[in-house]
$ cat entry-v5.tsv   # TSV, C-alpha atoms
chain	number	residue	atom	x	y	z
A	1	MET	CA	4.78	-43.17	-9.99
A	2	GLY	CA	1.04	-42.59	-10.51
A	3	HIS	CA	1.75	-39.45	-12.54
A	4	ALA	CA	4.25	-41.32	-14.72
A	5	ILE	CA	1.70	-44.07	-15.40
A	6	ARG	CA	-0.90	-41.50	-16.41
A	7	VAL	CA	1.58	-39.84	-18.77
A	8	MET	CA	2.46	-43.18	-20.33
A	9	ARG	CA	-1.21	-43.99	-20.83
A	10	MET	CA	-1.84	-40.63	-22.47
A	11	VAL	CA	1.13	-41.12	-24.80
A	12	ALA	CA	-0.29	-44.51	-25.78
A	13	ILE	CA	-3.67	-42.92	-26.45
A	14	LEU	CA	-2.21	-40.07	-28.52
A	15	ALA	CA	0.25	-42.17	-30.54
A	16	PRO	CA	-2.29	-42.85	-33.33
A	17	LEU	CA	-2.92	-39.11	-33.57
A	18	PHE	CA	0.78	-38.39	-34.03
A	19	ALA	CA	0.79	-40.94	-36.83
A	20	ILE	CA	-2.11	-39.13	-38.50
A	21	ALA	CA	-0.33	-35.79	-38.15
A	22	ALA	CA	2.73	-37.23	-39.91
A	23	SER	CA	0.71	-38.38	-42.90
A	24	ALA	CA	-0.97	-36.11	-45.40
A	25	PRO	CA	-3.82	-36.16	-45.83
A	26	PRO	CA	-5.60	-38.91	-43.81
A	27	SER	CA	-8.52	-40.65	-45.46
A	28	ILE	CA	-11.95	-41.08	-43.91
A	29	ALA	CA	-11.05	-44.72	-43.28
A	30	ASP	CA	-7.85	-43.63	-41.51
A	31	LEU	CA	-9.79	-41.24	-39.28
A	32	ARG	CA	-12.43	-43.83	-38.51
A	33	GLN	CA	-9.72	-46.23	-37.34
A	34	ALA	CA	-8.00	-43.47	-35.38
A	35	ILE	CA	-11.20	-42.77	-33.45
A	36	TRP	CA	-11.23	-46.35	-32.20
A	37	SER	CA	-7.48	-46.40	-31.56
A	38	ALA	CA	-7.65	-43.18	-29.56
A	39	CYS	CA	-10.36	-44.49	-27.27
A	40	THR	CA	-10.90	-48.22	-26.97
A	41	ALA	CA	-13.79	-47.79	-24.52
A	42	PRO	CA	-16.29	-45.46	-26.23
A	43	PRO	CA	-18.47	-43.29	-23.96
A	44	ALA	CA	-21.79	-44.90	-23.15
A	45	ALA	CA	-24.75	-44.27	-20.91
A	46	GLY	CA	-23.61	-44.48	-17.31
A	47	SER	CA	-19.89	-44.15	-18.14
A	48	ASP	CA	-17.59	-42.55	-15.58
A	49	PRO	CA	-17.49	-38.79	-16.37
A	50	GLN	CA	-13.70	-38.68	-16.11
A	51	ALA	CA	-13.38	-41.59	-18.55
A	52	VAL	CA	-15.73	-39.83	-20.95
A	53	ALA	CA	-13.72	-36.60	-20.69
A	54	THR	CA	-10.46	-38.46	-21.32
A	55	CYS	CA	-11.97	-40.19	-24.34
A	56	ASP	CA	-13.33	-36.93	-25.77
A	57	ALA	CA	-9.96	-35.21	-25.27
A	58	ALA	CA	-8.15	-38.02	-27.08
A	59	ARG	CA	-10.57	-37.80	-29.98
A	60	ALA	CA	-10.65	-33.99	-30.19
A	61	PRO	CA	-7.87	-33.65	-32.84
A	62	ILE	CA	-9.58	-36.27	-34.98
A	63	ILE	CA	-12.95	-34.55	-34.69
A	64	ALA	CA	-11.26	-31.28	-35.70
A	65	ARG	CA	-9.82	-32.95	-38.82
A	66	LEU	CA	-13.25	-34.30	-39.66
A	67	TRP	CA	-14.83	-30.83	-39.36
A	68	THR	CA	-12.26	-29.51	-41.83
A	69	ILE	CA	-13.20	-32.23	-44.30
A	70	ALA	CA	-16.91	-31.68	-43.72
A	71	LYS	CA	-16.60	-27.96	-44.48
A	72	SER	CA	-14.07	-27.85	-47.30
A	73	GLY	CA	-13.00	-31.36	-48.24
A	74	PRO	CA	-13.99	-33.30	-51.36
A	75	ARG	CA	-17.75	-33.41	-51.78
A	76	GLU	CA	-17.85	-37.21	-51.53
A	77	ASP	CA	-16.08	-37.10	-48.13
A	78	ARG	CA	-18.25	-34.49	-46.43
A	79	LEU	CA	-21.20	-36.67	-45.46
A	80	PRO	CA	-18.97	-39.53	-44.18
A	81	ALA	CA	-17.01	-36.98	-42.10
A	82	LEU	CA	-20.19	-35.60	-40.56
A	83	THR	CA	-21.39	-39.14	-39.90
A	84	LEU	CA	-18.29	-39.93	-37.83
A	85	ILE	CA	-18.68	-36.70	-35.84
A	86	ALA	CA	-22.35	-37.46	-35.22
A	87	ALA	CA	-21.55	-40.98	-34.07
A	88	TRP	CA	-18.42	-40.42	-31.97
A	89	GLY	CA	-18.19	-36.73	-31.13
A	90	PRO	CA	-19.20	-35.08	-27.85
A	91	PRO	CA	-22.87	-34.06	-27.54
A	92	ASP	CA	-22.66	-30.55	-29.01
A	93	PRO	CA	-20.52	-31.39	-32.07
A	94	ALA	CA	-22.59	-34.53	-32.61
A	95	GLN	CA	-25.78	-32.46	-32.63
A	96	ARG	CA	-24.33	-29.90	-35.05
A	97	ALA	CA	-23.15	-32.68	-37.34
A	98	LEU	CA	-26.58	-34.34	-37.40
A	99	LEU	CA	-28.23	-31.02	-38.22
A	100	ALA	CA	-25.74	-30.41	-41.03
A	101	MET	CA	-26.43	-33.88	-42.41
A	102	ALA	CA	-30.18	-33.31	-42.32
A	103	GLN	CA	-29.95	-29.88	-43.91
A	104	GLY	CA	-27.41	-30.67	-46.61
A	105	TRP	CA	-28.65	-34.13	-47.68
A	106	ARG	CA	-32.32	-34.09	-46.62
A	107	ASP	CA	-33.62	-35.44	-49.93
A	108	ALA	CA	-30.59	-37.56	-50.86
A	109	GLY	CA	-30.79	-41.32	-50.57
A	110	GLN	CA	-27.22	-41.56	-49.27
A	111	LEU	CA	-28.33	-39.85	-46.06
A	112	ALA	CA	-30.18	-43.04	-45.04
A	113	PRO	CA	-27.08	-45.24	-44.49
A	114	ALA	CA	-25.36	-42.27	-42.82
A	115	LEU	CA	-28.20	-42.02	-40.31
A	116	GLU	CA	-28.11	-45.77	-39.77
A	117	GLY	CA	-24.39	-45.60	-39.08
A	118	ALA	CA	-24.54	-42.69	-36.63
A	119	PHE	CA	-27.83	-42.75	-34.74
A	120	ASP	CA	-27.46	-45.52	-32.15
A	121	GLU	CA	-24.03	-44.43	-30.90
A	122	SER	CA	-24.65	-40.69	-31.14
A	123	ARG	CA	-24.76	-38.59	-27.98
A	124	ALA	CA	-26.52	-35.74	-29.78
A	125	PRO	CA	-29.13	-34.51	-27.26
A	126	ALA	CA	-31.87	-33.87	-29.83
A	127	LYS	CA	-31.17	-36.68	-32.27
A	128	ARG	CA	-34.75	-37.93	-32.16
A	129	ALA	CA	-36.00	-34.47	-33.11
A	130	VAL	CA	-33.72	-34.45	-36.16
A	131	LEU	CA	-35.18	-37.77	-37.35
A	132	ALA	CA	-38.73	-36.65	-36.67
A	133	THR	CA	-38.11	-33.55	-38.80
A	134	LEU	CA	-36.75	-35.67	-41.63
A	135	VAL	CA	-39.84	-37.89	-41.53
A	136	ARG	CA	-41.98	-34.79	-42.10
A	137	THR	CA	-39.82	-32.95	-44.61
A	138	SER	CA	-37.67	-35.37	-46.64
A	139	ARG	CA	-38.72	-36.38	-50.15
A	140	SER	CA	-36.57	-39.53	-50.09
A	141	ARG	CA	-38.30	-42.84	-49.29
A	142	ALA	CA	-34.98	-44.24	-48.10
A	143	VAL	CA	-34.44	-41.37	-45.64
A	144	ILE	CA	-38.01	-41.46	-44.34
A	145	GLY	CA	-38.02	-45.24	-44.00
A	146	SER	CA	-34.70	-45.36	-42.14
A	147	ALA	CA	-35.69	-42.45	-39.89
A	148	ARG	CA	-38.99	-44.10	-39.00
A	149	TYR	CA	-37.30	-47.42	-38.28
A	150	LEU	CA	-34.61	-45.85	-36.08
A	151	LEU	CA	-37.19	-43.90	-34.10
A	152	ALA	CA	-39.33	-47.01	-33.61
A	153	ALA	CA	-36.34	-49.11	-32.55
A	154	GLN	CA	-35.34	-46.61	-29.86
A	155	THR	CA	-38.92	-46.17	-28.67
A	156	LEU	CA	-39.18	-49.92	-27.99
A	157	ALA	CA	-37.01	-49.38	-24.91
A	158	GLN	CA	-39.82	-47.31	-23.36
A	159	ALA	CA	-42.36	-49.85	-22.11
A	160	PRO	CA	-45.44	-47.54	-22.16
A	161	ALA	CA	-44.72	-46.58	-25.78
A	162	ARG	CA	-43.97	-50.12	-26.99
A	163	PRO	CA	-47.37	-50.71	-28.69
A	164	ARG	CA	-46.90	-47.49	-30.69
A	165	ALA	CA	-43.37	-48.51	-31.65
A	166	LEU	CA	-44.55	-51.94	-32.81
A	167	ALA	CA	-47.26	-50.28	-34.90
A	168	GLU	CA	-44.57	-48.09	-36.46
A	169	LEU	CA	-42.48	-51.16	-37.32
A	170	ARG	CA	-45.49	-52.67	-39.07
A	171	LEU	CA	-45.88	-49.41	-41.03
A	172	VAL	CA	-42.20	-49.51	-42.04
A	173	ARG	CA	-42.67	-53.07	-43.30
A	174	ALA	CA	-45.76	-52.09	-45.29
A	175	ARG	CA	-44.54	-48.82	-46.85
A	176	TYR	CA	-40.75	-49.06	-46.91
A	177	GLY	CA	-40.10	-52.79	-46.82
A	178	ASP	CA	-38.28	-52.78	-50.17
A	179	VAL	CA	-35.86	-49.98	-49.23
A	180	PRO	CA	-32.20	-51.10	-49.09
A	181	THR	CA	-30.49	-50.74	-45.71
A	182	THR	CA	-27.12	-51.13	-44.04
A	183	LEU	CA	-28.62	-52.20	-40.71
A	184	LEU	CA	-27.39	-55.46	-39.22
A	185	GLY	CA	-29.91	-58.28	-39.30
A	186	ALA	CA	-31.43	-57.07	-42.56
A	187	GLY	CA	-30.94	-60.34	-44.45
A	188	ASP	CA	-29.84	-60.94	-48.03
A	189	PRO	CA	-30.60	-58.74	-49.86
A	190	PRO	CA	-30.68	-56.23	-46.99
A	191	ARG	CA	-34.07	-54.51	-46.86
A	192	LEU	CA	-35.85	-52.42	-44.23
A	193	GLY	CA	-38.80	-54.80	-44.26
A	194	THR	CA	-36.60	-57.71	-43.21
A	195	VAL	CA	-34.88	-55.89	-40.37
A	196	ALA	CA	-38.17	-54.40	-39.13
A	197	ALA	CA	-39.82	-57.83	-39.16
A	198	ALA	CA	-36.93	-59.35	-37.22
A	199	LEU	CA	-37.01	-56.57	-34.61
A	200	GLN	CA	-40.78	-56.95	-34.25
A	201	PHE	CA	-40.37	-60.70	-33.78
A	202	ARG	CA	-37.62	-60.28	-31.19
A	203	THR	CA	-39.68	-57.74	-29.25
A	204	GLU	CA	-42.79	-59.89	-29.20
A	205	ARG	CA	-41.16	-63.29	-28.73
A	206	LEU	CA	-37.82	-62.75	-26.95
A	207	LYS	CA	-38.67	-61.97	-23.35
A	208	PRO	CA	-38.29	-63.63	-19.95
A	209	GLY	CA	-40.77	-66.46	-19.48
A	210	ALA	CA	-41.15	-67.13	-23.20
A	211	PRO	CA	-39.75	-70.22	-24.95
A	212	LEU	CA	-36.61	-69.62	-26.97
A	213	PRO	CA	-37.55	-69.59	-30.68
A	214	PRO	CA	-35.83	-72.34	-32.70
A	215	MET	CA	-32.33	-71.40	-33.83
A	216	ALA	CA	-30.02	-72.94	-36.41
A	217	ALA	CA	-26.58	-72.18	-37.81
A	218	ARG	CA	-23.26	-73.87	-38.55
A	219	ASP	CA	-20.37	-74.32	-36.19
A	220	LEU	CA	-16.89	-73.01	-36.99
A	221	ASP	CA	-16.11	-76.26	-38.83
A	222	GLY	CA	-19.16	-75.90	-41.06
A	223	GLN	CA	-21.33	-78.54	-39.36
A	224	ARG	CA	-25.04	-77.84	-38.94
A	225	VAL	CA	-26.11	-77.07	-35.37
A	226	SER	CA	-29.39	-76.07	-33.74
A	227	SER	CA	-30.97	-75.08	-30.45
A	228	ALA	CA	-32.17	-78.67	-30.03
A	229	GLN	CA	-28.70	-79.20	-28.55
A	230	PHE	CA	-29.59	-76.91	-25.63
A	231	ARG	CA	-32.06	-79.38	-24.08
A	232	GLY	CA	-31.39	-80.37	-20.49
A	233	LYS	CA	-28.78	-77.67	-19.84
A	234	VAL	CA	-28.89	-74.11	-18.63
A	235	THR	CA	-27.44	-72.27	-21.64
A	236	LEU	CA	-25.89	-68.84	-21.93
A	237	ILE	CA	-26.05	-67.71	-25.57
A	238	ASP	CA	-23.42	-65.12	-26.48
A	239	PHE	CA	-23.78	-63.16	-29.73
A	240	TRP	CA	-20.35	-61.67	-30.43
A	241	ALA	CA	-17.83	-60.70	-33.11
A	242	THR	CA	-14.10	-60.05	-33.21
A	243	TRP	CA	-14.82	-56.53	-34.56
A	244	CYS	CA	-16.98	-55.72	-31.49
A	245	PRO	CA	-14.81	-54.26	-28.65
A	246	PRO	CA	-17.39	-54.85	-25.86
A	247	CYS	CA	-17.78	-58.46	-27.03
A	248	VAL	CA	-14.05	-59.09	-26.82
A	249	ALA	CA	-13.82	-57.30	-23.47
A	250	ALA	CA	-16.41	-59.73	-22.02
A	251	MET	CA	-14.52	-62.87	-23.03
A	252	PRO	CA	-12.37	-63.18	-19.89
A	253	GLU	CA	-15.51	-63.12	-17.74
A	254	LEU	CA	-17.15	-65.77	-19.92
A	255	ARG	CA	-14.05	-67.95	-19.55
A	256	ARG	CA	-14.22	-67.50	-15.77
A	257	VAL	CA	-17.89	-68.51	-15.72
A	258	ALA	CA	-17.25	-71.55	-17.91
A	259	ALA	CA	-14.42	-72.68	-15.62
A	260	SER	CA	-16.36	-72.11	-12.38
A	261	LEU	CA	-19.37	-74.13	-13.61
A	262	ARG	CA	-17.45	-76.97	-15.24
A	263	GLY	CA	-19.20	-80.27	-14.50
A	264	GLN	CA	-22.61	-78.64	-14.01
A	265	ALA	CA	-25.61	-78.91	-16.33
A	266	PHE	CA	-24.53	-75.65	-17.94
A	267	GLN	CA	-22.99	-74.51	-21.20
A	268	ILE	CA	-22.05	-71.37	-23.07
A	269	VAL	CA	-22.78	-71.19	-26.80
A	270	SER	CA	-21.11	-68.32	-28.64
A	271	ILE	CA	-22.53	-67.21	-32.00
A	272	SER	CA	-20.11	-65.21	-34.12
A	273	GLY	CA	-21.14	-62.27	-36.27
A	274	ASP	CA	-17.87	-62.35	-38.19
A	275	ALA	CA	-18.18	-62.65	-41.94
A	276	SER	CA	-15.54	-65.39	-41.93
A	277	ALA	CA	-15.69	-68.49	-39.74
A	278	ALA	CA	-11.89	-68.67	-40.05
A	279	THR	CA	-11.55	-65.25	-38.39
A	280	ALA	CA	-13.70	-66.34	-35.46
A	281	LYS	CA	-11.94	-69.70	-35.20
A	282	ALA	CA	-8.51	-68.09	-35.04
A	283	PHE	CA	-9.67	-65.82	-32.19
A	284	VAL	CA	-11.29	-68.70	-30.29
A	285	THR	CA	-8.20	-70.90	-30.64
A	286	ARG	CA	-5.88	-68.11	-29.58
A	287	ASN	CA	-7.94	-67.23	-26.50
A	288	GLY	CA	-8.96	-70.71	-25.36
A	289	ASN	CA	-12.73	-70.28	-25.48
A	290	ALA	CA	-13.44	-73.98	-24.95
A	291	TRP	CA	-17.19	-74.13	-25.50
A	292	PRO	CA	-19.51	-74.58	-28.51
A	293	GLN	CA	-18.94	-71.96	-31.21
A	294	TRP	CA	-21.41	-71.10	-33.98
A	295	GLN	CA	-21.14	-68.65	-36.85
A	296	VAL	CA	-23.94	-66.76	-38.60
A	297	GLY	CA	-22.18	-63.67	-40.02
A	298	PRO	CA	-22.95	-59.95	-39.58
A	299	SER	CA	-26.68	-60.37	-40.30
A	300	GLY	CA	-27.10	-62.40	-37.11
A	301	VAL	CA	-29.77	-64.50	-38.84
A	302	VAL	CA	-30.55	-67.56	-36.72
A	303	SER	CA	-33.95	-68.48	-38.20
A	304	PRO	CA	-36.23	-67.44	-41.08
A	305	GLU	CA	-38.16	-65.23	-38.64
A	306	TRP	CA	-35.63	-63.42	-36.55
A	307	SER	CA	-32.01	-62.34	-36.32
A	308	ASN	CA	-29.86	-60.63	-33.77
A	309	SER	CA	-28.72	-57.16	-34.82
A	310	SER	CA	-27.03	-56.30	-31.53
A	311	PHE	CA	-23.47	-57.26	-30.65
A	312	PRO	CA	-22.86	-58.14	-27.88
A	313	PHE	CA	-26.17	-59.69	-26.89
A	314	TYR	CA	-26.79	-62.39	-24.31
A	315	ILE	CA	-29.69	-64.78	-23.73
A	316	LEU	CA	-29.97	-67.14	-20.77
A	317	ILE	CA	-32.33	-70.12	-21.01
A	318	ASP	CA	-33.11	-72.76	-18.39
A	319	ARG	CA	-33.02	-76.54	-18.82
A	320	HIS	CA	-36.48	-76.49	-20.42
A	321	GLY	CA	-35.65	-73.86	-23.04
A	322	THR	CA	-37.41	-70.97	-21.29
A	323	ILE	CA	-35.80	-67.54	-21.50
A	324	LYS	CA	-34.71	-66.34	-18.06
A	325	ALA	CA	-32.82	-63.15	-18.95
A	326	LEU	CA	-31.47	-61.32	-21.98
A	327	GLY	CA	-29.84	-58.06	-22.99
A	328	PRO	CA	-26.75	-56.28	-24.35
A	329	THR	CA	-24.81	-56.36	-21.06
A	330	LEU	CA	-23.48	-59.42	-19.29
A	331	GLU	CA	-23.92	-58.67	-15.59
A	332	PRO	CA	-27.78	-58.86	-15.41
A	333	VAL	CA	-27.65	-62.16	-17.30
A	334	LEU	CA	-25.01	-63.52	-14.93
A	335	ALA	CA	-27.16	-62.47	-11.97
A	336	ALA	CA	-29.99	-64.59	-13.39
A	337	LEU	CA	-27.53	-67.42	-14.05
A	338	ARG	CA	-26.54	-67.50	-10.37
A	339	LYS	CA	-30.16	-68.33	-9.55
A	340	GLU	CA	-30.22	-71.20	-12.05
A	341	VAL	CA	-26.89	-72.91	-11.40
A	342	VAL	CA	-25.11	-73.28	-8.07
A	343	PRO	CA	-21.30	-73.43	-8.47
A	344	PRO	CA	-19.70	-76.60	-7.09
A	345	PRO	CA	-17.94	-76.22	-3.72
A	346	ASP	CA	-14.29	-75.21	-3.77
A	347	ARG	CA	-12.66	-78.42	-2.51
A	348	THR	CA	-9.24	-76.79	-2.34
A	349	ARG	CA	-10.27	-75.00	0.82
A	350	SER	CA	-10.42	-76.72	4.20

$ encode --input "entry-v5.tsv" --output "structure tokens"
Amino acid sequence: MGHAIRVMRMVAILAPLFAIAASAPPSIADLRQAIWSACTAPPAAGSDPQAVATCDAARAPIIARLWTIAKSGPREDRLPALTLIAAWGPPDPAQRALLAMAQGWRDAGQLAPALEGAFDESRAPAKRAVLATLVRTSRSRAVIGSARYLLAAQTLAQAPARPRALAELRLVRARYGDVPTTLLGAGDPPRLGTVAAALQFRTERLKPGAPLPPMAARDLDGQRVSSAQFRGKVTLIDFWATWCPPCVAAMPELRRVAASLRGQAFQIVSISGDASAATAKAFVTRNGNAWPQWQVGPSGVVSPEWSNSSFPFYILIDRHGTIKALGPTLEPVLAALRKEVVPPPDRTRS
């Protein structure tokens, strides 16, 4: 029985690939969608090695198609193909794709959005070295600015190097602030200066023990809402979007938490990054997420000073508006929540 289940699962994983094989030729958009369809739980730091191997095996035919396009496909498709390999391929192909991108488009402005689209997810072992080389050798302001921002953003995770990373963000704002960008949280119009300023603000102001900065948005019915509504309640803020698989995967746990703490001085407030409030509202209605729902769009802008460019992202504040925990994964935030709110006793048990 176990073998049969495994076979059925593999058939389900490979079905999108068979569909690609039957069509000729697949577009870059088709292949991008197939990557997600082939593996709904992308490899991440700390993933089970067997799950990673299964995911890589499911994606291998797609990666092979992308290499063919990158080497001999239409010129306009080669960089997008390499970008997908760099973002979603195994470590060695991802590294080779990044190097090919840097060598073939080093001085081309279109390399900047490609780097922005691939860098965070990439498992290329020397991806930082590729960006550092581009900073030294590229003649494109867009490429240099994006590379410097991406390096600074990743360096922020290393506490001893945080002052240097913040200094680099200030440099990006000063020298490359007018450069267009595709990065989330970059505002309208999207510029590196805006996204760098927002990241600097989040780093300096969003941390445990600090007061939550004022936030404002509209709810899914278009009514104005603000963080003033959080007063007196422990609040779990959930930045999410329907296009974000980890966000959607966390929803059942959020529903469980909301149900277990019903009647307590606690609330969840979800803030959608969907471009359309109607899209978010349809999802919420269908899934029964019965708690306050806001919508800010893909930029994640919640104030003139800062925006959230990470989905999912969670912030827990206490009754006084002080940040208790935050981050891109739910479990550490829920651990902090358990210290703030005691679930009511289960009266169904004797």

$ residues_around --input "entry-v5.tsv" --residues "range 110-127 of chain A" --least-positions-apart "5" --cutoff "10 Å" --atoms "all atoms listed in the file" --output "mmCIF file with C-alpha atoms, in the frame of the given file"
data_model
loop_
_atom_site.group_PDB
_atom_site.id
_atom_site.type_symbol
_atom_site.label_atom_id
_atom_site.label_comp_id
_atom_site.auth_asym_id
_atom_site.auth_seq_id
_atom_site.Cartn_x
_atom_site.Cartn_y
_atom_site.Cartn_z
ATOM 1 C CA PRO A 42 -16.290 -45.460 -26.230
ATOM 2 C CA PRO A 43 -18.470 -43.290 -23.960
ATOM 3 C CA ALA A 44 -21.790 -44.900 -23.150
ATOM 4 C CA ALA A 45 -24.750 -44.270 -20.910
ATOM 5 C CA LEU A 79 -21.200 -36.670 -45.460
ATOM 6 C CA PRO A 80 -18.970 -39.530 -44.180
ATOM 7 C CA ALA A 81 -17.010 -36.980 -42.100
ATOM 8 C CA LEU A 82 -20.190 -35.600 -40.560
ATOM 9 C CA THR A 83 -21.390 -39.140 -39.900
ATOM 10 C CA LEU A 84 -18.290 -39.930 -37.830
ATOM 11 C CA ILE A 85 -18.680 -36.700 -35.840
ATOM 12 C CA ALA A 86 -22.350 -37.460 -35.220
ATOM 13 C CA ALA A 87 -21.550 -40.980 -34.070
ATOM 14 C CA TRP A 88 -18.420 -40.420 -31.970
ATOM 15 C CA GLY A 89 -18.190 -36.730 -31.130
ATOM 16 C CA PRO A 90 -19.200 -35.080 -27.850
ATOM 17 C CA PRO A 91 -22.870 -34.060 -27.540
ATOM 18 C CA ASP A 92 -22.660 -30.550 -29.010
ATOM 19 C CA PRO A 93 -20.520 -31.390 -32.070
ATOM 20 C CA ALA A 94 -22.590 -34.530 -32.610
ATOM 21 C CA GLN A 95 -25.780 -32.460 -32.630
ATOM 22 C CA ARG A 96 -24.330 -29.900 -35.050
ATOM 23 C CA ALA A 97 -23.150 -32.680 -37.340
ATOM 24 C CA LEU A 98 -26.580 -34.340 -37.400
ATOM 25 C CA LEU A 99 -28.230 -31.020 -38.220
ATOM 26 C CA MET A 101 -26.430 -33.880 -42.410
ATOM 27 C CA ALA A 102 -30.180 -33.310 -42.320
ATOM 28 C CA GLY A 104 -27.410 -30.670 -46.610
ATOM 29 C CA TRP A 105 -28.650 -34.130 -47.680
ATOM 30 C CA ALA A 132 -38.730 -36.650 -36.670
ATOM 31 C CA SER A 140 -36.570 -39.530 -50.090
ATOM 32 C CA ARG A 141 -38.300 -42.840 -49.290
ATOM 33 C CA ALA A 142 -34.980 -44.240 -48.100
ATOM 34 C CA VAL A 143 -34.440 -41.370 -45.640
ATOM 35 C CA ILE A 144 -38.010 -41.460 -44.340
ATOM 36 C CA GLY A 145 -38.020 -45.240 -44.000
ATOM 37 C CA SER A 146 -34.700 -45.360 -42.140
ATOM 38 C CA ALA A 147 -35.690 -42.450 -39.890
ATOM 39 C CA TYR A 149 -37.300 -47.420 -38.280
ATOM 40 C CA LEU A 150 -34.610 -45.850 -36.080
ATOM 41 C CA LEU A 151 -37.190 -43.900 -34.100
ATOM 42 C CA ALA A 153 -36.340 -49.110 -32.550
ATOM 43 C CA GLN A 154 -35.340 -46.610 -29.860
ATOM 44 C CA VAL A 179 -35.860 -49.980 -49.230
ATOM 45 C CA PRO A 180 -32.200 -51.100 -49.090
ATOM 46 C CA THR A 181 -30.490 -50.740 -45.710
ATOM 47 C CA THR A 182 -27.120 -51.130 -44.040
ATOM 48 C CA LEU A 183 -28.620 -52.200 -40.710
ATOM 49 C CA LEU A 184 -27.390 -55.460 -39.220
#

$ residues_around --input "entry-v5.tsv" --residues "range 229-243 of chain A" --least-positions-apart "6" --cutoff "9 Å" --atoms "all atoms listed in the file" --output "ChimeraX atom specification"
/A:264-274,279-280,283,297-298,300,308,310-321,333-334,337,340-341

$ closest_residue --input "entry-v5.tsv" --among "A:Asp221, A:Asp107, A:Asp48, A:Asp77" --to "Ala278 in chain A" --atoms "only C-alpha atoms"
A:Asp221

$ atom_distance --input "entry-v5.tsv" --atom1 "CA of Pro61 in chain A" --atom2 "CA of Pro26 in chain A"
12.4 Å

$ closest_residue --input "entry-v5.tsv" --among "A:Leu199, A:Ser138, A:Ala250, A:Arg205" --to "Glu168 in chain A" --atoms "all atoms listed in the file"
A:Leu199

$ closest_residue --input "entry-v5.tsv" --among "A:Glu331, A:Glu76, A:Asp56, A:Glu305" --to "Phe201 in chain A" --atoms "only C-alpha atoms"
A:Glu305

$ closest_residue --input "entry-v5.tsv" --among "A:Thr203, A:Leu220, A:Ala198, A:Gln33" --to "Ala157 in chain A" --atoms "only C-alpha atoms"
A:Thr203
